[in-house]
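input36.csv, holding CSV, C-alpha atoms:
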```
chain,number,residue,atom,x,y,z
A,29,MET,CA,-99.0,90.7,72.5
A,30,LEU,CA,-97.8,92.1,69.2
A,31,ASP,CA,-97.2,95.8,68.8
A,32,GLY,CA,-98.3,97.7,65.7
A,33,HIS,CA,-95.0,97.5,64.0
A,34,GLU,CA,-94.8,93.7,64.4
A,35,LYS,CA,-98.3,93.4,63.1
A,36,ILE,CA,-97.4,95.4,60.0
A,37,ASP,CA,-94.4,93.1,59.3
A,38,LEU,CA,-96.6,90.1,59.7
A,39,LEU,CA,-99.3,91.5,57.4
A,40,LEU,CA,-96.7,92.3,54.7
A,41,GLY,CA,-95.1,88.9,55.2
A,42,ARG,CA,-98.5,87.1,55.0
A,43,ASN,CA,-99.4,88.9,51.8
A,44,ALA,CA,-96.0,88.2,50.2
A,45,ASP,CA,-96.2,84.5,51.1
A,46,GLU,CA,-99.8,84.3,49.7
A,47,GLN,CA,-98.7,86.0,46.5
A,48,LEU,CA,-95.6,83.8,46.1
A,49,ARG,CA,-97.5,80.6,46.9
A,50,ASN,CA,-98.7,80.0,43.3
A,51,VAL,CA,-95.7,81.3,41.4
A,52,ASP,CA,-94.4,78.8,38.8
A,53,TRP,CA,-90.6,79.2,39.2
A,54,ASN,CA,-89.7,77.2,36.1
A,55,GLU,CA,-92.1,79.3,34.0
A,56,LEU,CA,-90.6,82.5,35.5
A,57,SER,CA,-87.0,81.5,34.7
A,58,SER,CA,-88.1,80.5,31.2
A,59,THR,CA,-89.8,83.8,30.6
A,60,ILE,CA,-86.7,85.7,31.8
A,61,SER,CA,-84.5,83.5,29.6
A,62,ARG,CA,-86.7,84.3,26.6
A,63,ARG,CA,-86.5,88.0,27.3
A,64,LEU,CA,-82.8,87.7,27.6
A,65,ASP,CA,-82.7,86.0,24.2
A,66,LYS,CA,-84.6,88.9,22.7
A,67,THR,CA,-82.3,91.4,24.5
A,68,GLN,CA,-79.2,89.6,23.2
A,69,GLN,CA,-80.5,89.7,19.6
A,70,THR,CA,-81.3,93.5,19.7
A,71,LYS,CA,-77.9,94.0,21.4
A,72,THR,CA,-76.1,92.2,18.6
A,73,TYR,CA,-77.8,93.5,15.4
A,74,PRO,CA,-80.0,96.6,15.7
A,75,ILE,CA,-77.7,98.3,18.0
A,76,GLY,CA,-74.7,97.8,15.7
A,77,LEU,CA,-76.5,98.9,12.5
A,78,PRO,CA,-77.8,102.2,13.7
A,79,SER,CA,-74.3,103.2,14.9
A,80,VAL,CA,-73.0,102.8,11.3
A,81,PHE,CA,-75.9,105.0,10.1
A,82,LYS,CA,-75.2,107.5,12.9
A,83,ILE,CA,-71.5,107.8,11.8
A,84,ALA,CA,-72.5,108.1,8.1
A,85,ALA,CA,-75.1,110.7,9.0
A,86,GLY,CA,-72.5,112.6,11.1
A,87,VAL,CA,-69.9,112.6,8.3
A,88,ALA,CA,-72.6,113.7,5.7
A,89,ALA,CA,-73.7,116.5,8.0
A,90,ALA,CA,-70.1,117.7,8.6
A,91,ALA,CA,-69.4,117.6,4.9
A,92,ALA,CA,-72.6,119.7,4.2
A,93,VAL,CA,-71.6,122.3,6.8
A,94,LEU,CA,-68.1,122.5,5.3
A,95,LEU,CA,-69.5,122.9,1.8
A,96,MET,CA,-71.9,125.7,3.0
A,97,ILE,CA,-69.0,127.5,4.7
A,98,VAL,CA,-66.9,127.3,1.6
A,99,MET,CA,-69.8,128.5,-0.6
A,100,ILE,CA,-70.6,131.4,1.7
A,101,LYS,CA,-66.9,132.5,1.7
A,102,LEU,CA,-66.7,132.3,-2.0
A,103,GLU,CA,-69.9,134.4,-2.4
A,104,LYS,CA,-68.6,137.0,0.1
A,105,SER,CA,-65.3,137.1,-1.7
A,106,ALA,CA,-67.1,137.9,-5.0
A,107,ASP,CA,-69.2,140.5,-3.3
A,108,MET,CA,-66.1,142.1,-1.8
A,109,GLN,CA,-64.4,142.3,-5.2
A,110,LEU,CA,-67.4,143.9,-6.8
A,111,GLY,CA,-68.9,146.0,-4.0
A,112,ASN,CA,-66.1,147.2,-1.9
A,113,ARG,CA,-63.2,147.5,-4.2
A,114,LYS,CA,-63.2,150.2,-6.8
A,115,GLY,CA,-61.3,149.7,-9.9
A,116,SER,CA,-59.8,152.0,-12.4
A,117,ALA,CA,-59.5,152.0,-16.1
A,118,SER,CA,-57.5,153.9,-18.6
A,119,VAL,CA,-58.1,154.1,-22.3
A,120,GLU,CA,-55.3,154.6,-24.6
A,121,ILE,CA,-56.2,155.9,-28.0
A,122,ILE,CA,-53.6,155.7,-30.6
A,123,GLU,CA,-54.2,158.3,-33.3
A,124,GLY,CA,-54.7,156.9,-36.7
A,125,LEU,CA,-55.7,153.4,-35.6
A,126,SER,CA,-59.2,152.1,-35.4
A,127,LYS,CA,-58.4,150.0,-32.4
A,128,SER,CA,-57.3,151.1,-28.9
A,129,GLN,CA,-56.4,149.4,-25.6
A,130,VAL,CA,-58.1,149.5,-22.2
A,131,THR,CA,-56.2,148.7,-19.0
A,132,VAL,CA,-58.3,147.7,-16.0
A,133,ASP,CA,-57.1,147.6,-12.4
A,134,ILE,CA,-59.7,146.1,-10.1
A,135,ALA,CA,-57.7,146.9,-6.9
A,136,VAL,CA,-57.2,143.4,-5.6
A,137,PRO,CA,-54.0,142.9,-3.6
A,138,ASP,CA,-52.5,140.8,-6.3
A,139,THR,CA,-53.4,143.2,-9.1
A,140,LYS,CA,-54.2,141.7,-12.3
A,141,LEU,CA,-54.4,143.6,-15.5
A,142,ALA,CA,-56.9,142.9,-18.1
A,143,LYS,CA,-56.8,144.0,-21.6
A,144,CYS,CA,-59.6,144.5,-24.0
A,145,ASP,CA,-59.5,145.6,-27.5
A,146,ILE,CA,-61.9,148.5,-28.1
A,147,ARG,CA,-62.9,150.4,-31.1
A,148,ILE,CA,-64.1,154.0,-30.8
A,149,ILE,CA,-66.5,155.1,-33.4
A,150,ASP,CA,-66.4,158.8,-33.8
A,151,SER,CA,-69.9,160.0,-34.4
A,152,ARG,CA,-69.5,163.5,-33.1
A,153,GLY,CA,-71.0,164.7,-36.4
A,154,SER,CA,-74.6,165.5,-36.9
A,155,ASP,CA,-77.2,163.2,-38.2
A,156,LYS,CA,-79.3,164.1,-41.2
A,157,ALA,CA,-81.7,166.1,-39.1
A,158,GLY,CA,-78.7,168.1,-37.6
A,159,ASN,CA,-79.0,166.6,-34.0
A,160,ALA,CA,-75.7,165.8,-32.2
A,161,GLN,CA,-74.9,162.1,-31.7
A,162,GLY,CA,-73.0,160.5,-28.8
A,163,ALA,CA,-69.8,158.5,-29.2
A,164,TRP,CA,-69.9,154.7,-29.2
A,165,MET,CA,-67.3,152.4,-27.7
A,166,VAL,CA,-67.3,148.8,-28.7
A,167,ILE,CA,-65.5,146.2,-26.5
A,168,SER,CA,-64.4,143.6,-28.9
A,169,ARG,CA,-62.8,141.1,-26.4
A,170,THR,CA,-65.2,140.4,-23.5
A,171,GLU,CA,-63.3,137.8,-21.4
A,172,PRO,CA,-60.5,139.6,-19.6
A,173,LEU,CA,-57.9,137.7,-17.6
A,174,TYR,CA,-59.1,138.4,-14.1
A,175,ALA,CA,-62.7,137.4,-14.6
A,176,ASP,CA,-62.4,133.9,-13.1
A,177,ASN,CA,-64.8,133.7,-10.2
A,178,GLY,CA,-68.1,133.0,-11.9
A,179,VAL,CA,-69.5,136.5,-11.8
A,180,SER,CA,-70.7,137.9,-15.0
A,181,ASN,CA,-67.5,139.0,-16.8
A,182,ASN,CA,-69.1,141.5,-19.2
A,183,MET,CA,-70.9,143.2,-16.4
A,184,ARG,CA,-67.7,143.6,-14.3
A,185,ASP,CA,-65.7,144.8,-17.3
A,186,VAL,CA,-68.2,147.6,-17.8
A,187,MET,CA,-68.4,148.4,-14.0
A,188,CYS,CA,-64.6,148.7,-13.8
A,189,LEU,CA,-64.4,150.7,-16.9
A,190,PHE,CA,-66.9,153.4,-15.8
B,16,MET,CA,-85.3,78.2,52.2
B,17,SER,CA,-84.3,79.9,49.0
B,18,ASN,CA,-81.8,78.5,46.5
B,19,VAL,CA,-79.5,81.4,47.4
B,20,SER,CA,-78.6,79.8,50.7
B,21,ARG,CA,-77.7,76.5,49.0
B,22,THR,CA,-75.4,78.3,46.6
B,23,THR,CA,-72.1,79.3,48.1
B,24,ALA,CA,-70.6,82.8,47.6
B,25,SER,CA,-67.8,81.3,45.4
B,26,ASP,CA,-70.4,79.5,43.2
B,27,THR,CA,-72.1,82.8,42.7
B,28,ALA,CA,-68.8,84.6,42.0
B,29,ASP,CA,-67.9,81.9,39.4
B,30,LEU,CA,-71.2,82.3,37.7
B,31,VAL,CA,-70.9,86.0,37.7
B,32,GLU,CA,-67.4,85.9,36.2
B,33,ALA,CA,-68.5,83.5,33.6
B,34,SER,CA,-71.5,85.7,32.7
B,35,GLN,CA,-69.2,88.7,32.5
B,36,ALA,CA,-67.1,86.7,30.0
B,37,GLY,CA,-70.2,86.2,27.9
B,38,ASP,CA,-71.5,82.8,29.1
B,39,ARG,CA,-75.2,83.1,28.8
B,40,GLY,CA,-75.8,79.7,30.4
B,41,ALA,CA,-74.1,81.0,33.6
B,42,PHE,CA,-76.4,84.0,33.7
B,43,ASP,CA,-79.4,81.7,33.3
B,44,GLU,CA,-78.1,79.8,36.4
B,45,LEU,CA,-77.9,83.1,38.3
B,46,VAL,CA,-81.6,83.7,37.4
B,47,LYS,CA,-82.6,80.3,38.8
B,48,VAL,CA,-80.6,81.0,42.0
B,49,TYR,CA,-81.8,84.5,42.6
B,50,GLN,CA,-85.3,84.6,41.2
B,51,ARG,CA,-87.1,83.7,44.5
B,52,ARG,CA,-85.2,86.4,46.4
B,53,ALA,CA,-85.9,88.9,43.7
B,54,MET,CA,-89.6,88.0,43.7
B,55,GLN,CA,-89.8,88.4,47.5
B,56,VAL,CA,-88.5,91.9,47.3
B,57,ALA,CA,-90.7,92.9,44.3
B,58,VAL,CA,-93.9,91.4,45.8
B,59,ARG,CA,-93.3,93.3,49.0
B,60,VAL,CA,-93.1,96.5,47.0
B,61,LEU,CA,-95.9,95.8,44.6
B,62,GLY,CA,-98.2,93.6,46.7
B,63,ASP,CA,-99.0,91.5,43.7
B,64,ALA,CA,-97.2,88.5,42.1
B,65,GLU,CA,-98.0,89.2,38.5
B,66,GLU,CA,-96.7,92.8,38.7
B,67,ALA,CA,-93.7,91.6,40.7
B,68,ALA,CA,-92.9,89.0,38.0
B,69,GLU,CA,-92.9,91.8,35.4
B,70,ALA,CA,-90.5,93.9,37.6
B,71,VAL,CA,-88.2,90.9,38.2
B,72,GLN,CA,-88.0,90.2,34.5
B,73,THR,CA,-87.1,93.8,33.8
B,74,ALA,CA,-84.5,93.7,36.6
B,75,PHE,CA,-82.8,90.6,35.3
B,76,VAL,CA,-82.6,92.1,31.8
B,77,ASN,CA,-81.0,95.2,33.3
B,78,ALA,CA,-78.6,93.1,35.3
B,79,TYR,CA,-77.7,91.1,32.3
B,80,LEU,CA,-77.0,94.3,30.3
B,81,ASN,CA,-74.9,95.8,33.0
B,82,ILE,CA,-73.1,92.8,34.5
B,83,GLY,CA,-69.9,93.9,33.0
B,84,LYS,CA,-69.9,97.0,35.3
B,85,LEU,CA,-70.1,94.9,38.5
B,86,ARG,CA,-66.6,94.9,39.9
B,87,GLU,CA,-66.9,92.5,42.9
B,88,ALA,CA,-68.5,89.3,41.6
B,89,LYS,CA,-69.3,88.1,45.2
B,90,ARG,CA,-71.5,91.2,45.7
B,91,PHE,CA,-73.9,90.2,42.9
B,92,GLY,CA,-76.8,89.5,45.3
B,93,VAL,CA,-76.7,93.0,46.9
B,94,TRP,CA,-76.3,94.6,43.5
B,95,LEU,CA,-79.1,92.6,41.9
B,96,LEU,CA,-81.6,93.3,44.8
B,97,ARG,CA,-80.9,97.0,44.4
B,98,ILE,CA,-81.9,96.7,40.7
B,99,VAL,CA,-85.0,94.6,41.6
B,100,ALA,CA,-86.1,97.1,44.3
B,101,ASN,CA,-85.7,100.0,41.8
B,102,ALA,CA,-87.5,98.1,39.1
B,103,ALA,CA,-90.4,97.3,41.4
B,104,ILE,CA,-90.8,100.8,42.6
B,105,SER,CA,-90.7,102.1,39.1
B,106,GLN,CA,-93.3,99.4,38.1
B,107,ALA,CA,-95.5,100.5,41.1
B,108,ARG,CA,-95.5,104.1,39.9
B,109,LYS,CA,-96.4,103.0,36.4
B,110,ALA,CA,-99.2,100.7,37.7
B,111,LYS,CA,-100.6,103.7,39.6
B,112,ARG,CA,-101.1,105.5,36.4
B,113,ARG,CA,-102.6,102.4,34.7
B,114,PRO,CA,-106.3,101.7,35.5
B,115,GLU,CA,-106.2,98.1,34.3
B,116,SER,CA,-103.7,97.1,37.0
B,117,ILE,CA,-106.6,95.8,39.1
B,118,GLU,CA,-107.8,93.6,36.3
B,119,ILE,CA,-104.4,92.0,36.0
B,120,ALA,CA,-104.4,91.3,39.7
B,121,ASP,CA,-107.9,89.7,39.4
B,122,ARG,CA,-106.7,87.5,36.6
B,123,TYR,CA,-103.8,86.2,38.7
B,124,GLU,CA,-106.1,85.7,41.7
B,125,ASP,CA,-108.2,83.2,39.7
B,126,LYS,CA,-105.3,80.7,39.9
B,127,THR,CA,-105.3,80.5,43.7
B,128,SER,CA,-106.8,77.5,45.5
B,129,LEU,CA,-108.4,79.5,48.3
B,130,SER,CA,-112.1,79.4,49.2
B,131,PRO,CA,-114.1,82.3,47.7
B,132,ALA,CA,-114.2,84.1,51.0
B,133,GLU,CA,-110.5,83.7,51.6
B,134,THR,CA,-109.8,84.7,48.0
B,135,GLU,CA,-111.8,87.8,48.5
B,136,SER,CA,-110.1,88.6,51.7
B,137,ALA,CA,-106.6,88.0,50.2
B,138,LYS,CA,-107.5,90.1,47.2
B,139,GLU,CA,-108.7,92.9,49.4
B,140,LEU,CA,-105.5,92.8,51.5
B,141,LYS,CA,-103.3,92.7,48.4
B,142,GLU,CA,-105.1,95.8,47.0
B,143,ALA,CA,-104.9,97.6,50.3
B,144,ILE,CA,-101.1,96.9,50.6
B,145,ARG,CA,-100.6,97.9,47.0
B,146,ARG,CA,-102.3,101.2,47.5
B,147,ALA,CA,-100.7,101.8,50.9
B,148,MET,CA,-97.2,101.2,49.5
B,149,LEU,CA,-97.8,103.8,46.9
B,150,LYS,CA,-98.3,106.3,49.7
B,151,LEU,CA,-94.8,105.8,50.9
B,152,SER,CA,-91.7,107.5,49.6
B,153,LYS,CA,-89.5,105.4,47.4
B,154,LYS,CA,-86.9,105.0,50.1
B,155,GLU,CA,-89.5,104.0,52.7
B,156,ALA,CA,-91.0,101.5,50.3
B,157,LYS,CA,-87.6,100.0,49.5
B,158,ALA,CA,-86.5,99.9,53.2
B,159,ILE,CA,-89.7,98.2,54.5
B,160,SER,CA,-89.6,95.7,51.6
B,161,LEU,CA,-86.0,94.7,52.1
B,162,PHE,CA,-86.1,94.8,55.9
B,163,GLY,CA,-88.6,92.0,56.1
B,164,LEU,CA,-86.5,89.5,54.1
B,165,GLU,CA,-85.0,86.6,55.9
B,166,ASP,CA,-81.3,86.3,56.0
B,167,LEU,CA,-80.7,89.9,54.9
B,168,SER,CA,-78.8,91.9,57.5
B,169,HIS,CA,-79.4,95.5,58.3
B,170,ARG,CA,-76.0,96.3,56.9
B,171,GLU,CA,-76.9,94.5,53.6
B,172,VAL,CA,-80.1,96.5,53.4
B,173,ALA,CA,-78.2,99.7,53.9
B,174,GLU,CA,-75.7,98.6,51.2
B,175,ILE,CA,-78.6,97.9,48.8
B,176,MET,CA,-80.1,101.2,49.5
B,177,GLY,CA,-76.9,103.1,49.4
B,178,CYS,CA,-77.3,104.7,52.8
B,179,SER,CA,-76.4,104.1,56.4
B,180,VAL,CA,-77.9,101.5,58.7
B,181,GLU,CA,-79.4,104.3,60.9
B,182,ALA,CA,-81.0,105.9,57.8
B,183,VAL,CA,-82.5,102.5,56.9
B,184,ARG,CA,-83.9,102.1,60.4
B,185,TRP,CA,-85.4,105.6,60.1
B,186,TYR,CA,-87.0,104.8,56.8
B,187,VAL,CA,-88.4,101.5,58.2
B,188,PHE,CA,-89.8,103.3,61.2
B,189,ARG,CA,-91.5,106.0,59.0
B,190,ALA,CA,-92.9,103.3,56.7
B,191,ARG,CA,-94.4,101.3,59.6
B,192,GLN,CA,-95.9,104.4,61.1
B,193,LYS,CA,-97.6,105.3,57.8
B,194,LEU,CA,-98.7,101.7,57.1
B,195,LYS,CA,-100.1,101.4,60.6
B,196,VAL,CA,-102.5,104.2,59.7
B,197,LEU,CA,-103.2,103.1,56.1
B,198,LEU,CA,-103.8,99.5,57.0
B,199,LYS,CA,-105.4,99.8,60.4
B,200,GLU,CA,-108.6,97.9,59.5
B,201,TYR,CA,-106.4,94.9,58.6
B,202,LEU,CA,-104.5,95.0,61.8
B,203,GLN,CA,-107.5,94.4,64.0
B,204,CYS,CA,-107.8,90.8,63.0
```
Would you mind giving the structure from this file in structure tokens?
Amino acid sequence: MLDGHEKIDLLLGRNADEQLRNVDWNELSSTISRRLDKTQQTKTYPIGLPSVFKIAAGVAAAAAVLLMIVMIKLEKSADMQLGNRKGSASVEIIEGLSKSQVTVDIAVPDTKLAKCDIRIIDSRGSDKAGNAQGAWMVISRTEPLYADNGVSNNMRDVMCLF
Amino acid sequence: MSNVSRTTASDTADLVEASQAGDRGAFDELVKVYQRRAMQVAVRVLGDAEEAAEAVQTAFVNAYLNIGKLREAKRFGVWLLRIVANAAISQARKAKRRPESIEIADRYEDKTSLSPAETESAKELKEAIRRAMLKLSKKEAKAISLFGLEDLSHREVAEIMGCSVEAVRWYVFRARQKLKVLLKEYLQC
């Protein structure tokens, strides 16, 4: 008399035998072989190509990040020069001459001096109606030496000056 | 008897080493030698030949892709059956979520040469086993499927499953207990 466990084993075995009875083994090995062929092809080509693309994409991404870092640093550096560092300017007026010189110190560690030729127009007199008029200062050279970081040179000249 | 028994361990080791060296023909030979054993395991897990064939194909492809990682060529059989059992269990879980799995089984059943009554009975049994196996844990399903194979020792089953012989016995015991309840109407006859 078979116990329950043996009956289970027999039942599973019977079903397995039944299922395997009609298997075409040649067909199965051919199907596996075809699948292996496909696998071999995908292993040889498509796996190789994407890795090249992956490397290229990685290099491009790294370059982009590097470029962004450099641009941010440059921008910060320009802001620092304009926003946080106060400059000074002195005007030397030589009596009797129509032109004077301006010296600008923008307080960078490696101080650079810029020189502009300016002309002061004395208009302290009154106009025809007797109203007082302000003095005019004309900067005749607008590209000083230190203005080399892409920020508006004229604007900075004036900021430093006043 | 399967082709495995006719192939000596050294033959297998030679074929494995040749496959590892890139000889595709050698791997095709391994397929021919081991496909029956692989199907026996897969059919016991899945209860259905068509589903089992799908799992066996997947298992052989996985084995082919990873054969370079196999260190001991003579242990190919154990290594392969582990892959087959895992593929079959994975296939069973997929089939559970796929409503058309019964249709596939029916289509395969048409090829059998049984009488209509026998076919119906075999079909019923197959479906019952398939459903019952899904109620087992993965380890229980694997253990009961491998345990019933001829010429596979308890130690080999333990090696395939990656656990002790005692643990295998426990999983088999649990699986039988559950199957006894789940398949009780088929055990009467």
I'd like the contact shell of region 51-55 of chain A - 8 Å cut-off, all atoms listed in the file, skipping same-chain residues fewer than 3 positions apart - returned as a ChimeraX atom specification. /A:47-48,58-59 /B:50-51,64
Find the residues of chain A in contact range of chain B, meaning any atom within 8 Å when counting all atoms listed in the file, and list them as a ChimeraX atom specification. /A:32-33,35-37,39-41,43-44,46-48,50-51,53,56-57,59-61,63-64,67
Record the distance separating CA of Lys157 (chain B) and CA of Tyr186 (chain B), expressed in Å with one decimal.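 Separation between CA of Lys157 (chain B) and CA of Tyr186 (chain B): 8.8 Å.
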Separation of CA of Phe91 (chain B) and CA of Lys109 (chain B), in Å?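 We find that CA of Phe91 (chain B) and CA of Lys109 (chain B) lie 26.7 Å from each other.
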How many Å separate CA of Ala28 (chain B) from CA of Glu87 (chain B)?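 Interatomic distance, CA of Ala28 (chain B) to CA of Glu87 (chain B): 8.2 Å.
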To test the calculation: enclose all listed atoms of region 102-112 of chain B in a box whose edges run along x, y and z, add 6 Å on each side, then state centre and edge lengths in Å to one decimal, as lines of an AutoDock Vina configuration file.
```
center_x = -94.3
center_y = 101.4
center_z = 39.5
size_x = 25.6
size_y = 20.2
size_z = 18.2
```
